[in-house]
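Structure file protein-v6.cif (mmCIF, C-alpha atoms and all ligand atoms) follows.
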```
data_my_file
loop_
_atom_site.label_atom_id
_atom_site.label_comp_id
_atom_site.auth_asym_id
_atom_site.auth_seq_id
_atom_site.Cartn_x
_atom_site.Cartn_y
_atom_site.Cartn_z
CA MET A 195 0.00 0.00 0.00
CA ASN A 196 1.43 3.38 -0.92
CA LEU A 197 0.99 6.62 1.00
CA ILE A 198 -1.94 7.84 -1.08
CA GLN A 199 -3.76 4.54 -0.69
CA ILE A 200 -3.19 4.72 3.07
CA ASN A 201 -4.67 8.20 3.18
CA ASN A 202 -7.70 7.18 1.17
CA LYS A 203 -8.36 4.02 3.10
CA PHE A 204 -7.63 5.46 6.53
CA PRO A 205 -8.78 9.09 6.74
CA ASP A 206 -8.28 9.29 10.50
CA GLU A 207 -6.55 7.58 13.40
CA ILE A 208 -9.67 5.70 14.51
CA SER A 209 -9.93 3.97 11.14
CA VAL A 210 -6.33 2.79 11.51
CA VAL A 211 -7.00 1.60 15.06
CA GLN A 212 -10.01 -0.39 13.82
CA TYR A 213 -7.89 -1.94 11.09
CA PHE A 214 -5.27 -3.03 13.63
CA GLU A 215 -7.99 -4.32 15.95
CA GLY A 216 -9.39 -6.41 13.12
CA VAL A 217 -5.97 -7.92 12.43
CA ARG A 218 -5.32 -8.58 16.10
CA TRP A 219 -8.67 -9.84 17.38
CA MET A 220 -10.65 -10.75 14.29
CA GLY A 221 -13.87 -9.48 15.85
CA LYS A 222 -13.40 -10.95 19.33
CA LYS A 223 -11.64 -8.46 21.53
CA LYS A 224 -9.98 -10.10 24.47
CA CYS A 225 -8.27 -8.49 27.39
CA PRO A 226 -4.55 -9.18 26.99
CA PHE A 227 -4.16 -9.36 30.78
CA CYS A 228 -6.90 -11.77 31.85
CA GLY A 229 -8.44 -13.01 28.60
CA SER A 230 -11.89 -11.71 29.47
CA GLU A 231 -14.13 -10.65 26.61
CA LYS A 232 -16.12 -8.34 28.87
CA HIS A 233 -15.17 -4.76 28.36
CA GLY A 234 -16.77 -1.39 27.75
CA LYS A 235 -16.71 0.67 24.61
CA ARG A 236 -13.52 2.14 23.22
CA ASN A 237 -12.70 5.32 25.13
CA LYS A 238 -11.49 8.55 23.59
CA ASP A 239 -7.90 7.55 24.29
CA MET A 240 -8.53 4.41 22.18
CA ARG A 241 -8.36 2.18 25.25
CA PHE A 242 -10.84 -0.36 26.59
CA HIS A 243 -11.68 -0.95 30.20
CA CYS A 244 -11.71 -4.62 31.14
CA LYS A 245 -14.52 -5.67 33.47
CA GLY A 246 -12.72 -8.88 34.30
CA CYS A 247 -9.56 -7.47 35.82
CA ASN A 248 -10.27 -3.75 35.93
CA ARG A 249 -7.27 -2.85 33.81
CA SER A 250 -7.30 -0.93 30.58
CA PHE A 251 -5.80 -2.00 27.31
CA SER A 252 -5.44 -0.82 23.74
CA VAL A 253 -4.90 -2.65 20.47
CA THR A 254 -1.12 -2.45 20.93
CA THR A 255 -1.04 -3.63 24.57
CA LYS A 256 1.24 -6.66 24.86
CA THR A 257 2.00 -6.76 21.15
CA ASN A 258 5.19 -5.98 19.29
CA LEU A 259 4.08 -2.34 19.29
CA HIS A 260 3.51 -2.29 23.05
CA ASN A 261 4.00 1.18 24.55
CA THR A 262 4.28 3.01 21.27
CA ARG A 263 3.31 6.64 21.65
CA LEU A 264 3.12 7.30 17.94
CA PRO A 265 -0.15 7.37 16.06
CA LEU A 266 -0.66 4.02 14.36
CA LYS A 267 -1.03 5.89 11.09
CA THR A 268 2.59 6.99 11.39
CA TRP A 269 3.52 3.32 11.68
CA LEU A 270 1.52 2.56 8.53
CA TYR A 271 3.38 5.28 6.64
CA ALA A 272 6.69 3.88 7.82
CA PHE A 273 5.70 0.29 6.86
CA SER A 274 4.80 1.54 3.41
CA ILE A 275 7.97 3.54 2.84
CA VAL A 276 10.26 0.78 4.07
CA THR A 277 8.61 -2.05 2.14
CA ASP A 278 8.44 0.00 -1.07
CA ALA A 279 12.17 0.64 -1.08
CA LYS A 280 13.89 -2.40 -2.56
CA LYS A 281 17.30 -1.27 -1.42
CA GLY A 282 16.07 0.16 1.85
CA VAL A 283 15.89 3.80 2.89
CA SER A 284 17.97 5.68 5.38
CA ALA A 285 16.53 6.66 8.76
CA LEU A 286 17.13 10.24 7.64
CA GLN A 287 14.88 9.76 4.64
CA LEU A 288 12.25 8.12 6.83
CA GLN A 289 12.44 11.03 9.24
CA ARG A 290 11.79 13.52 6.44
CA ASN A 291 8.94 11.52 4.97
CA ILE A 292 6.93 10.90 8.11
CA GLY A 293 7.81 13.98 10.13
CA VAL A 294 9.28 12.52 13.30
CA SER A 295 12.63 13.19 14.95
CA TYR A 296 15.72 11.37 13.76
CA PRO A 297 16.03 9.20 16.91
CA THR A 298 12.37 8.23 16.55
CA ALA A 299 12.80 7.36 12.87
CA HIS A 300 15.86 5.29 13.73
CA LYS A 301 14.03 3.43 16.50
CA MET A 302 11.02 2.83 14.29
CA TYR A 303 13.19 1.41 11.52
CA MET A 304 14.91 -0.93 13.96
CA LYS A 305 11.52 -2.08 15.23
CA ILE A 306 10.33 -2.65 11.68
CA ARG A 307 13.39 -4.81 11.02
CA ASP A 308 12.45 -6.83 14.10
CA LEU A 309 8.97 -7.25 12.67
CA MET A 310 10.64 -8.58 9.54
CA ALA A 311 12.24 -11.45 11.46
CA GLU A 312 11.21 -14.53 9.61
CA SER A 313 9.20 -17.33 10.97
CA GLN A 314 11.24 -20.51 10.79
CA VAL A 315 11.53 -21.71 7.21
CA LYS A 316 12.84 -25.14 6.21
CA LEU A 317 14.69 -25.16 2.92
CA ASN A 318 14.55 -28.17 0.63
CA ASP A 319 15.40 -29.48 -2.86
CA ILE A 320 18.49 -27.80 -4.26
CA VAL A 321 19.97 -25.27 -1.88
CA GLU A 322 23.09 -23.13 -2.17
CA MET A 323 25.21 -22.01 0.73
CA ASP A 324 27.83 -19.30 0.68
CA GLU A 325 29.31 -16.56 2.78
CA THR A 326 30.10 -12.96 2.05
CA TYR A 327 31.84 -10.04 3.61
CA ILE A 328 29.90 -6.83 3.29
CA GLY A 329 31.99 -4.57 1.10
CA GLY A 330 32.70 -6.97 -1.70
CA LYS A 331 33.94 -10.39 -2.57
CA PRO A 332 35.68 -11.04 -5.85
CA ARG A 333 34.82 -14.22 -7.65
CA PRO A 334 36.38 -16.16 -10.48
CA MET A 335 34.59 -17.30 -13.57
CA ALA A 336 35.82 -20.03 -15.81
CA ASN A 337 34.77 -22.56 -18.42
CA PRO A 338 34.77 -26.36 -18.11
CA ASP A 339 38.15 -26.58 -19.82
CA CYS A 340 39.74 -25.07 -16.75
CA LEU A 341 38.73 -28.04 -14.65
CA LYS A 342 41.46 -30.61 -14.12
CA PRO A 343 40.45 -33.91 -15.82
CA LYS A 344 40.37 -35.92 -12.62
CA LYS A 345 38.25 -33.38 -10.76
CA ARG A 346 35.97 -33.07 -13.74
CA ALA A 347 35.42 -36.84 -13.86
CA GLU A 348 34.60 -36.90 -10.15
CA LEU A 349 32.13 -34.08 -10.57
CA ASP A 350 30.56 -35.74 -13.63
CA ASP A 351 30.03 -38.94 -11.65
CA LYS A 352 28.42 -37.15 -8.80
CA ILE A 353 26.12 -35.05 -10.97
CA SER A 354 25.06 -38.06 -13.04
CA ASN A 355 24.25 -40.06 -9.94
CA LEU A 356 22.19 -37.25 -8.51
CA GLN A 357 20.38 -36.83 -11.82
CA LYS A 358 19.43 -40.49 -11.71
CA ASP A 359 17.85 -39.70 -8.36
CA GLY A 360 15.83 -36.98 -10.03
CA VAL A 361 17.85 -33.92 -9.07
CA ILE A 362 17.86 -31.51 -12.01
CA PHE A 363 20.47 -28.78 -12.12
CA LYS A 364 19.42 -26.04 -14.47
CA ARG A 365 22.30 -24.84 -16.63
CA GLY A 366 23.01 -21.21 -17.32
CA LYS A 367 24.33 -19.84 -20.60
CA ARG A 368 27.36 -18.16 -19.16
CA LYS A 369 30.70 -19.33 -20.44
CA VAL A 370 33.79 -17.42 -19.56
CA ALA A 371 37.47 -17.93 -20.17
CA CYS A 372 39.74 -19.18 -17.38
CA GLU A 373 40.78 -16.47 -15.03
CA VAL A 374 43.14 -16.43 -12.16
CA LYS A 375 41.18 -16.44 -8.96
CA PRO A 376 41.53 -13.23 -7.01
CA LYS A 377 42.13 -13.33 -3.30
CA ARG A 378 38.98 -13.76 -1.32
CA GLY A 379 37.88 -11.83 1.69
CA ARG A 380 38.57 -14.57 4.21
CA GLY A 381 41.16 -13.70 6.74
CA THR A 382 40.24 -10.03 6.79
CA LYS A 383 38.74 -8.43 9.83
CA ASN A 384 35.37 -8.20 8.14
CA ILE A 385 32.58 -10.13 9.74
CA PRO A 386 31.15 -12.83 7.54
CA VAL A 387 27.49 -13.22 6.74
CA VAL A 388 26.44 -16.74 5.81
CA GLY A 389 23.42 -17.50 3.67
CA ILE A 390 21.53 -20.54 2.41
CA VAL A 391 18.99 -20.20 -0.38
CA GLN A 392 16.64 -22.69 -1.93
CA ARG A 393 16.55 -22.29 -5.70
CA ASN A 394 13.34 -20.43 -6.54
CA GLY A 395 12.61 -20.32 -2.83
CA ASP A 396 13.44 -18.66 0.44
CA VAL A 397 16.74 -17.51 1.83
CA VAL A 398 18.11 -17.54 5.36
CA ALA A 399 21.14 -15.49 6.35
CA GLN A 400 22.98 -14.69 9.52
CA VAL A 401 26.02 -12.88 10.75
CA MET A 402 28.57 -15.49 11.85
CA ARG A 403 31.55 -14.25 13.76
CA THR A 404 33.40 -17.54 13.53
CA LEU A 405 33.19 -19.45 10.27
CA SER A 406 33.81 -22.87 11.73
CA GLY A 407 32.69 -26.19 10.32
CA LYS A 408 30.59 -26.68 13.42
CA ASN A 409 28.78 -23.35 13.12
CA LEU A 410 28.16 -23.86 9.42
CA GLY A 411 26.89 -27.38 10.06
CA ASP A 412 24.59 -26.15 12.84
CA MET A 413 23.13 -23.57 10.50
CA VAL A 414 22.42 -26.22 7.85
CA ARG A 415 20.77 -28.52 10.40
CA LYS A 416 18.60 -25.70 11.66
CA HIS A 417 17.35 -24.42 8.32
CA VAL A 418 17.59 -27.23 5.78
CA ASP A 419 15.76 -30.52 5.39
CA THR A 420 18.97 -32.50 5.47
CA LYS A 421 17.34 -35.80 4.55
CA ASP A 422 16.04 -34.67 1.19
CA ALA A 423 17.94 -31.59 0.10
CA VAL A 424 21.14 -31.34 -1.94
CA ILE A 425 23.45 -28.53 -0.90
CA ILE A 426 25.92 -26.76 -3.19
CA THR A 427 28.85 -24.77 -1.85
CA ASP A 428 32.23 -23.68 -3.09
CA SER A 429 35.24 -25.62 -1.90
CA TYR A 430 35.95 -23.55 1.17
CA SER A 431 37.29 -25.85 3.87
CA GLY A 432 34.59 -24.80 6.35
CA TYR A 433 32.11 -26.77 4.28
CA SER A 434 34.26 -29.87 3.99
CA ARG A 435 32.33 -31.92 6.54
CA LEU A 436 28.84 -31.08 5.35
CA HIS A 437 28.66 -34.40 3.50
CA GLN A 438 28.32 -36.05 6.90
CA ILE A 439 24.90 -34.51 7.40
CA ILE A 440 23.56 -33.81 3.91
CA GLU A 441 24.09 -34.65 0.23
CA HIS A 442 26.79 -32.14 -0.60
CA ILE A 443 28.22 -31.10 -3.94
CA LYS A 444 31.10 -28.68 -4.24
CA ILE A 445 32.02 -26.39 -7.08
CA ASP A 446 35.65 -25.38 -6.89
CA HIS A 447 35.78 -21.70 -7.68
CA GLN A 448 39.50 -21.94 -8.23
CA GLN A 449 38.69 -24.04 -11.23
CA MET A 450 35.36 -22.79 -12.39
CA TYR A 451 32.31 -20.92 -11.44
CA SER A 452 29.52 -23.09 -12.79
CA TYR A 453 29.41 -26.61 -14.12
CA ARG A 454 26.35 -28.35 -15.53
CA GLY A 455 24.03 -26.32 -13.38
CA VAL A 456 26.12 -26.78 -10.27
CA ASN A 457 26.78 -23.25 -9.13
CA THR A 458 26.03 -20.82 -6.35
CA ASN A 459 24.47 -18.18 -8.62
CA THR A 460 21.27 -17.78 -6.61
CA ILE A 461 22.94 -17.02 -3.31
CA GLU A 462 25.37 -14.74 -5.17
CA SER A 463 22.38 -12.76 -6.51
CA PHE A 464 21.13 -12.41 -2.99
CA TRP A 465 24.51 -11.09 -1.86
CA ALA A 466 24.43 -8.61 -4.73
CA VAL A 467 21.11 -7.24 -3.48
CA VAL A 468 22.39 -7.06 0.09
CA GLU A 469 25.57 -5.28 -0.93
CA ARG A 470 23.84 -2.80 -3.19
CA GLY A 471 21.38 -2.09 -0.42
CA ILE A 472 23.81 -1.80 2.45
CA MET A 473 26.59 0.00 0.62
CA GLY A 474 24.27 2.07 -1.58
CA THR A 475 21.80 3.17 1.03
CA TYR A 476 23.54 2.94 4.35
CA HIS A 477 27.13 3.48 3.12
CA GLN A 478 28.50 1.89 6.21
CA VAL A 479 27.02 -0.29 8.83
CA SER A 480 28.15 -1.00 12.34
CA LEU A 481 28.50 -4.56 13.49
CA LYS A 482 25.83 -3.91 16.07
CA TYR A 483 23.18 -3.30 13.42
CA LEU A 484 24.42 -5.63 10.69
CA PRO A 485 22.13 -8.53 11.75
CA LYS A 486 19.13 -6.22 11.50
CA TYR A 487 20.08 -4.98 8.04
CA VAL A 488 20.53 -8.56 6.90
CA GLN A 489 17.10 -9.37 8.31
CA GLU A 490 15.54 -6.65 6.19
CA PHE A 491 16.98 -8.03 2.96
CA VAL A 492 16.05 -11.60 3.86
CA PHE A 493 12.47 -10.49 4.47
CA LYS A 494 12.31 -8.59 1.18
CA TRP A 495 13.76 -11.53 -0.75
CA ASN A 496 11.38 -14.04 0.80
CA ASN A 497 8.39 -11.79 0.18
CA ARG A 498 9.43 -10.73 -3.31
CA ASN A 499 6.34 -12.35 -4.82
CA THR A 500 3.99 -11.13 -2.12
CA ASP A 501 1.65 -8.37 -3.23
CA ASP A 502 1.78 -6.58 0.03
CA MET A 503 4.60 -6.98 2.50
CA PHE A 504 2.88 -4.17 4.28
CA GLU A 505 0.10 -6.48 5.51
CA THR A 506 2.65 -8.99 6.74
CA LEU A 507 4.20 -6.24 8.82
CA VAL A 508 0.85 -5.27 10.34
CA GLU A 509 0.19 -8.93 11.19
CA ASN A 510 3.63 -9.28 12.77
CA ALA A 511 3.17 -6.01 14.64
CA MET A 512 -0.03 -7.36 16.20
CA LYS A 513 1.52 -10.62 17.39
CA PRO A 514 1.25 -10.94 21.16
CA ILE A 515 4.36 -10.78 23.30
CA SER A 516 4.59 -12.40 26.69
ZN ZN B 1 -8.75 -8.14 31.92
#
```

Structure translated into structure tokens:
Amino acid sequence: MNLIQINNKFPDEISVVQYFEGVRWMGKKKCPFCGSEKHGKRNKDMRFHCKGCNRSFSVTTKTNLHNTRLPLKTWLYAFSIVTDAKKGVSALQLQRNIGVSYPTAHKMYMKIRDLMAESQVKLNDIVEMDETYIGGKPRPMANPDCLKPKKRAELDDKISNLQKDGVIFKRGKRKVACEVKPKRGRGTKNIPVVGIVQRNGDVVAQVMRTLSGKNLGDMVRKHVDTKDAVIITDSYSGYSRLHQIIEHIKIDHQQMYSYRGVNTNTIESFWAVVERGIMGTYHQVSLKYLPKYVQEFVFKWNNRNTDDMFETLVENAMKPIS
């Protein structure tokens, strides 16, 4: 929903409050303190008085927007602006657009990123795993002739066997001459972000301070259906024990970038979006906030086919907290 649509649909604060109430209670208002459905009419301050426990509550009481002092319409504007911006907006831009102070805009944006936290997704089928360092990671591209014969035979065997089991790797058209692999970002002081994406599906990503085999394996176990999925990574040593928990196929980026559909192109596209967003919009990002920025791009990727991410945010905003 864009700003004009919001204004047309919600001419005043009460109409926004009713919208949120509908999302939260679906017609059956319940006291968030005692669960009673006995309460008076909505007061002028938008609160209800509970006859069960004598306390008062509003639509945001004990939700993710608990204690907000802002009009809910301001939240709707912010939801709209943030979800419309593919690469994100700065808190400064948000401040200008919705007319709040900079600290308020900053806090709102951080809250919105919390609302974007994904419900647990399980990835399946063909998934790609990779890590990046915000700021750029060079990558080699090569053609099949660059692959050493023995390695190529091994890879052929593995792909053919998986194809017999019904795993289809879709091949791209890209063919590039052998290039010397540039140095990668590992070993720098940058903090890695690790991602796993299901082809044509969802992505999960997290900041990982220590890229150990154990941490990478834990992440796979948590987010991937390890019984059925096939995972593709590059030949980074951190991934070398993944075969113990999941069908694992490696593409050696020293040798080539893609082979018979075995590549990490999808997760690389995700990194491209993240980098353009973070470097283009936020210019720099402190370690403290990096997980939240990553969360925003994961949410936008996973909802890229959703008509209105805006509604998802309202639903998440109205989820009860304990
Ligand atoms: Zn009550």

* Rounded to one decimal in Å, what is the spacing between atom CA of Tyr483 of chain A and atom CA of Lys301 of chain A? -> 11.8 Å

* When the cut-off is 7 Å and you count only C-alpha atoms and all ligand atoms, which residues lie near ligand ZN 1 (chain B), shown as an MDAnalysis selection string? -> chainID A and resid 225:230 244:249

* Considering only C-alpha atoms, state which residue in the set A:Leu266, A:Met413, A:His260, A:Ile353 is at the smallest distance from Asp206 of chain A. => A:Leu266

* Of the candidates A:Ala299, A:Met220, A:Met450, A:Leu484, which shows the shortest atom-to-atom distance to Trp269 of chain A, using all atoms listed in the file? -> A:Ala299

* **A:Leu197, A:Met402, A:Leu349, A:Met302 ranked by distance to Thr262 of chain A, top pick (using all atoms listed in the file)** =>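 Using all atoms listed in the file, the shortest distance to Thr262 of chain A belongs to A:Met302.
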
* Using all atoms listed in the file, what residues lie at most 10 Å away from (8.4, -7.7, 6.9) (file coordinates), given as a list in words? ->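 Every residue inside that radius is included here: Phe273, Val276, Thr277, Ile306, Arg307, Asp308, Leu309, Met310, Ala311, Glu312, Gln489, Glu490, Phe491, Val492, Phe493, Lys494, Asn496, Asn497, Asp502, Met503, Phe504, Glu505, Thr506, Leu507, Val508, Glu509, Asn510 and Ala511 of chain A.
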
* To do: For the point (15.4, -21.1, -5.4) in the file's frame, write as a VMD selection string all residues with an atom no more than 9 Å away, counting only C-alpha atoms.
  => chain A and resid 319 to 322 391 to 397 460 to 461

Would you mind exporting C-alpha atoms of the selected residues as a PDB file, in the coordinates of the input?
```pdb
ATOM      1  CA  ASP A 319      15.400 -29.480  -2.860  1.00  0.00           C
ATOM      2  CA  ILE A 320      18.490 -27.800  -4.260  1.00  0.00           C
ATOM      3  CA  VAL A 321      19.970 -25.270  -1.880  1.00  0.00           C
ATOM      4  CA  GLU A 322      23.090 -23.130  -2.170  1.00  0.00           C
ATOM      5  CA  VAL A 391      18.990 -20.200  -0.380  1.00  0.00           C
ATOM      6  CA  GLN A 392      16.640 -22.690  -1.930  1.00  0.00           C
ATOM      7  CA  ARG A 393      16.550 -22.290  -5.700  1.00  0.00           C
ATOM      8  CA  ASN A 394      13.340 -20.430  -6.540  1.00  0.00           C
ATOM      9  CA  GLY A 395      12.610 -20.320  -2.830  1.00  0.00           C
ATOM     10  CA  ASP A 396      13.440 -18.660   0.440  1.00  0.00           C
ATOM     11  CA  VAL A 397      16.740 -17.510   1.830  1.00  0.00           C
ATOM     12  CA  THR A 460      21.270 -17.780  -6.610  1.00  0.00           C
ATOM     13  CA  ILE A 461      22.940 -17.020  -3.310  1.00  0.00           C
TER      14      ILE A 461
END
```

As lines of an AutoDock Vina configuration file, please report the centre and edge lengths, rounded to one decimal in Å, of the axis-aligned box that holds all listed atoms of segment 510-516 of chain A with 3 Å of padding on each of the six sides.
```
center_x = 2.3
center_y = -9.2
center_z = 19.7
size_x = 10.6
size_y = 12.4
size_z = 19.9
```

* Asked: Any idea what the distance is between atom CA of Asn201 of chain A and atom CA of Arg263 of chain A?
  ->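 According to the coordinates, atom CA of Asn201 of chain A and atom CA of Arg263 of chain A are separated by 20.2 Å.
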
* Exercise: Gln212 of chain A partners within 12 Å, only C-alpha atoms, chain neighbours under 2 positions left out, as a VMD selection string -> chain A and resid 203 to 210 214 to 221 223 236 240 to 241 252 to 254 266 to 267

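Distances to Ser429 of chain A were evaluated for A:Asp324, A:Glu469, A:Glu348, A:Asp412 using only C-alpha atoms, and the minimum falls at A:Asp324.
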
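Computed from the coordinates, the atom CA of Val388 of chain A to atom CA of Leu410 of chain A distance equals 8.2 Å.
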
* To do: Name the closest residue to Leu288 of chain A among the candidates A:Ile200, A:Ile275, A:Leu264, A:Leu270; distances are taken between atoms, counting only C-alpha atoms.
  =>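 Closest to Leu288 of chain A of all the choices is A:Ile275.
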
* Select, from A:Val211, A:Lys513, A:His300, A:Asp350, the residue with the minimum atom-to-atom distance to Lys444 of chain A, counting only C-alpha atoms. =>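 Ranking A:Val211, A:Lys513, A:His300, A:Asp350 by distance to Lys444 of chain A, first place goes to A:Asp350.
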
* **Selection near Ile439 of chain A, 9 Å with all atoms listed in the file, sequence-local residues under 6 positions removed, as a PyMOL selection string** => chain A and resi 411+414-415+420-421

N, CA and C atoms for segment 385-398 of chain A, written as an mmCIF file, keeping the file's coordinate frame, could you do that?
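What follows is the written file selection.cif:
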```cif
data_model
loop_
_atom_site.group_PDB
_atom_site.id
_atom_site.type_symbol
_atom_site.label_atom_id
_atom_site.label_comp_id
_atom_site.auth_asym_id
_atom_site.auth_seq_id
_atom_site.Cartn_x
_atom_site.Cartn_y
_atom_site.Cartn_z
ATOM 1 N N ILE A 385 33.390 -9.083 9.140
ATOM 2 C CA ILE A 385 32.580 -10.130 9.740
ATOM 3 C C ILE A 385 31.773 -10.828 8.643
ATOM 4 N N PRO A 386 31.868 -12.125 8.597
ATOM 5 C CA PRO A 386 31.150 -12.830 7.540
ATOM 6 C C PRO A 386 29.640 -12.922 7.802
ATOM 7 N N VAL A 387 28.921 -12.930 6.715
ATOM 8 C CA VAL A 387 27.490 -13.220 6.740
ATOM 9 C C VAL A 387 27.309 -14.486 5.927
ATOM 10 N N VAL A 388 26.620 -15.458 6.492
ATOM 11 C CA VAL A 388 26.440 -16.740 5.810
ATOM 12 C C VAL A 388 24.986 -16.865 5.379
ATOM 13 N N GLY A 389 24.780 -17.353 4.172
ATOM 14 C CA GLY A 389 23.420 -17.500 3.670
ATOM 15 C C GLY A 389 23.184 -18.865 3.048
ATOM 16 N N ILE A 390 21.947 -19.324 3.121
ATOM 17 C CA ILE A 390 21.530 -20.540 2.410
ATOM 18 C C ILE A 390 20.250 -20.188 1.673
ATOM 19 N N VAL A 391 20.196 -20.515 0.388
ATOM 20 C CA VAL A 391 18.990 -20.200 -0.380
ATOM 21 C C VAL A 391 18.501 -21.461 -1.080
ATOM 22 N N GLN A 392 17.216 -21.626 -1.117
ATOM 23 C CA GLN A 392 16.640 -22.690 -1.930
ATOM 24 C C GLN A 392 16.386 -22.105 -3.307
ATOM 25 N N ARG A 393 16.773 -22.826 -4.356
ATOM 26 C CA ARG A 393 16.550 -22.290 -5.700
ATOM 27 C C ARG A 393 15.060 -22.040 -5.906
ATOM 28 N N ASN A 394 14.731 -20.879 -6.377
ATOM 29 C CA ASN A 394 13.340 -20.430 -6.540
ATOM 30 C C ASN A 394 12.583 -20.399 -5.216
ATOM 31 N N GLY A 395 13.297 -20.287 -4.123
ATOM 32 C CA GLY A 395 12.610 -20.320 -2.830
ATOM 33 C C GLY A 395 13.162 -19.269 -1.875
ATOM 34 N N ASP A 396 13.067 -19.606 -0.597
ATOM 35 C CA ASP A 396 13.440 -18.660 0.440
ATOM 36 C C ASP A 396 14.940 -18.668 0.721
ATOM 37 N N VAL A 397 15.354 -17.615 1.398
ATOM 38 C CA VAL A 397 16.740 -17.510 1.830
ATOM 39 C C VAL A 397 16.781 -17.356 3.347
ATOM 40 N N VAL A 398 17.824 -17.877 3.966
ATOM 41 C CA VAL A 398 18.110 -17.540 5.360
ATOM 42 C C VAL A 398 19.529 -16.992 5.400
#
```
